[in-house]
Amino acid sequence: MSSKSKIDSIYEKLVDEEDARVCKAIDEKACKVVPGNFLLTIISYFFNKLADSVSNTKVVLPWIMQSLNVPLYLIAFLVPIRESGSLLPQLIIAAYIRKMPIRKNVWVLGAFLQAFSMIGIGVVAFTLEGIMAGYMIILLLVIFSLARGLSSVAAKDVVGKTIPKTRRGALNGWSGSVAGVLVVLLGGYFIINGEKPFSPSNFGVLLTFAGIFWLLAGIVYSKIVEYEGETEGGGNAAVVAFKKLSILKTDKPFRLFVITRALFLCSVLSAPFYVVLAQKHLGSNSYLLGMFILSSGMASLLSAPIWGKFSDVSSRKVMIIGASICTVFGFLIFFMDLLFSSLLSVIWIMPLFYFFLSIGYEGIRIGRKTYLVDLAEGNKRTDYVAVSNTLIGIILLFSGFIGTLNTSLGVAGIILFLSLIGLLGIYLALKLPEVED
């Protein structure tokens, strides 16, 4: 069997359909190389997600900074910079990318910059400590976050040009499943070594490996066969970019999607409060942390391919079901804490609930990515991604203030509050049009 036949065979098994050659919303030339591009994208995403898992900003970087005696106020900047920094500049980034007929190289540049930043943080872990280490990590994280913005805008556009409709959800699903395997292994490691210290030099090695994985991701992605696409616009990139905000006024389906996506942030915002509530009832140790990491990985491993496949049928329904799972467990935790709080002291209860929250979040994540790519074609897709991500980035910046509700609502009350927001998001998602027809 030739290498081309093997690639075609693997592709057909991954998409699990006889008519694997069907091509929707991409041109004829791109259709001929879909199997190879599909596999290259999955391999690249594998290394990308492996790097993400190893350098988890919500777990690994805070531990590094604490072990280096970095002041708490700098540690508090980690998640806002990591999430918002990669989203906020995307309007301007998209204006430049729109001028490029070939856009995969932007993703590759983003991957290489992420590698540089993470290896740099690894060097800091080896050599510095205290406030100087904190400032250097924050600086490198800003570069890292901007690099993610480059890759994010380019990725959806390249997928839209190289992978047909009814295949894009499967792509996200398989890459998410692979990431799940890696997170499971990482969680297992922390459980096995629950009481053993993990030194800054160990973290330095860990982050250096993360950087190497991003380099590999960029090299593989550069092999994707991408044909020239639409280009548009000139003049000042920022002016062109911000003019695109008008699509929120003129494009009702897109406006409704952005509002719904903003409300569905309740799922990712709930996650830290699950961990805090568990620590309140069970204390804080690496073993418990490992169980949460394991729960997250198992959720991705088991649910991502299913969500991906379902997204190619109806990404709208995937978002609704995923959000419903998150909302139901949010209500359940609140009432359990209120009426049967002793149950939350059982070691496996909160990690189990976190497992279901992660399954729901995985559905929301895969569903909204597939929905956004399928909602538009051509340059409109780049604008949709940039406008949506920029607005979500602004919202994320302010979302950190939700922690101030702790004094009046308590941790379980905040989870309930976020679940109520999720209910509103579900109501609006029911009004979204189907885009996989």
# chains A, B, ... in the order shown; residues from 1 in each chain; ligands from 1

call {"tool": "residues_around", "arguments": {"residues": "range 277-280 of chain A", "least_positions_apart": "6", "cutoff": "10 Å", "atoms": "only C-alpha atoms", "output": "ChimeraX atom specification"}}
result
/A:288-289,292,333,337,344-351,354,410-412,415

call {"tool": "closest_residue", "arguments": {"among": "A:Phe340, A:Tyr45, A:Phe257, A:Tyr371", "to": "Leu428 in chain A", "atoms": "only C-alpha atoms"}}
result
A:Phe257

call {"tool": "residues_around", "arguments": {"residues": "range 205-222 of chain A", "least_positions_apart": "6", "cutoff": "10 Å", "atoms": "only C-alpha atoms", "output": "mmCIF file with C-alpha atoms, in the first residue's frame"}}
result
data_model
loop_
_atom_site.group_PDB
_atom_site.id
_atom_site.type_symbol
_atom_site.label_atom_id
_atom_site.label_comp_id
_atom_site.auth_asym_id
_atom_site.auth_seq_id
_atom_site.Cartn_x
_atom_site.Cartn_y
_atom_site.Cartn_z
ATOM 1 C CA ASN A 37 -3.819 18.041 5.752
ATOM 2 C CA LEU A 40 -0.815 16.903 9.686
ATOM 3 C CA THR A 41 -3.166 19.204 11.582
ATOM 4 C CA ILE A 42 -3.941 16.506 14.168
ATOM 5 C CA ILE A 43 -0.217 15.747 14.668
ATOM 6 C CA SER A 44 0.577 19.435 15.022
ATOM 7 C CA TYR A 45 -2.299 19.943 17.446
ATOM 8 C CA PHE A 46 -1.020 16.910 19.363
ATOM 9 C CA PHE A 47 2.331 18.600 20.033
ATOM 10 C CA ASN A 48 0.601 21.921 20.701
ATOM 11 C CA LYS A 49 -1.735 20.423 23.292
ATOM 12 C CA LEU A 50 1.082 18.362 24.793
ATOM 13 C CA ALA A 51 3.009 21.592 25.341
ATOM 14 C CA ASP A 52 -0.104 23.244 26.791
ATOM 15 C CA SER A 53 -0.613 20.350 29.210
ATOM 16 C CA VAL A 54 2.982 20.398 30.419
ATOM 17 C CA SER A 55 2.953 24.204 30.962
ATOM 18 C CA ASN A 56 -0.562 24.551 32.418
ATOM 19 C CA VAL A 60 2.304 24.668 36.783
ATOM 20 C CA LEU A 61 3.200 28.372 36.485
ATOM 21 C CA LYS A 104 -0.278 28.841 7.840
ATOM 22 C CA ASN A 105 3.080 30.576 8.374
ATOM 23 C CA VAL A 106 1.423 32.897 10.901
ATOM 24 C CA TRP A 107 0.457 29.852 12.990
ATOM 25 C CA VAL A 108 4.028 28.529 12.704
ATOM 26 C CA LEU A 109 5.445 31.885 13.867
ATOM 27 C CA GLY A 110 3.057 31.827 16.833
ATOM 28 C CA ALA A 111 4.193 28.309 17.773
ATOM 29 C CA PHE A 112 7.884 29.267 17.609
ATOM 30 C CA LEU A 113 7.314 32.376 19.756
ATOM 31 C CA GLN A 114 5.453 30.268 22.319
ATOM 32 C CA ALA A 115 8.407 27.875 22.355
ATOM 33 C CA PHE A 116 10.835 30.756 22.923
ATOM 34 C CA SER A 117 8.706 32.178 25.742
ATOM 35 C CA MET A 118 8.249 28.896 27.581
ATOM 36 C CA ILE A 119 11.924 27.904 27.305
ATOM 37 C CA GLY A 120 12.690 31.383 28.645
ATOM 38 C CA ILE A 121 10.458 30.779 31.671
ATOM 39 C CA GLY A 122 12.263 27.483 32.159
ATOM 40 C CA VAL A 123 15.609 29.344 32.220
ATOM 41 C CA ALA A 125 13.142 28.847 36.974
ATOM 42 C CA PHE A 126 16.751 27.626 36.834
ATOM 43 C CA ALA A 155 -5.682 28.404 12.821
#
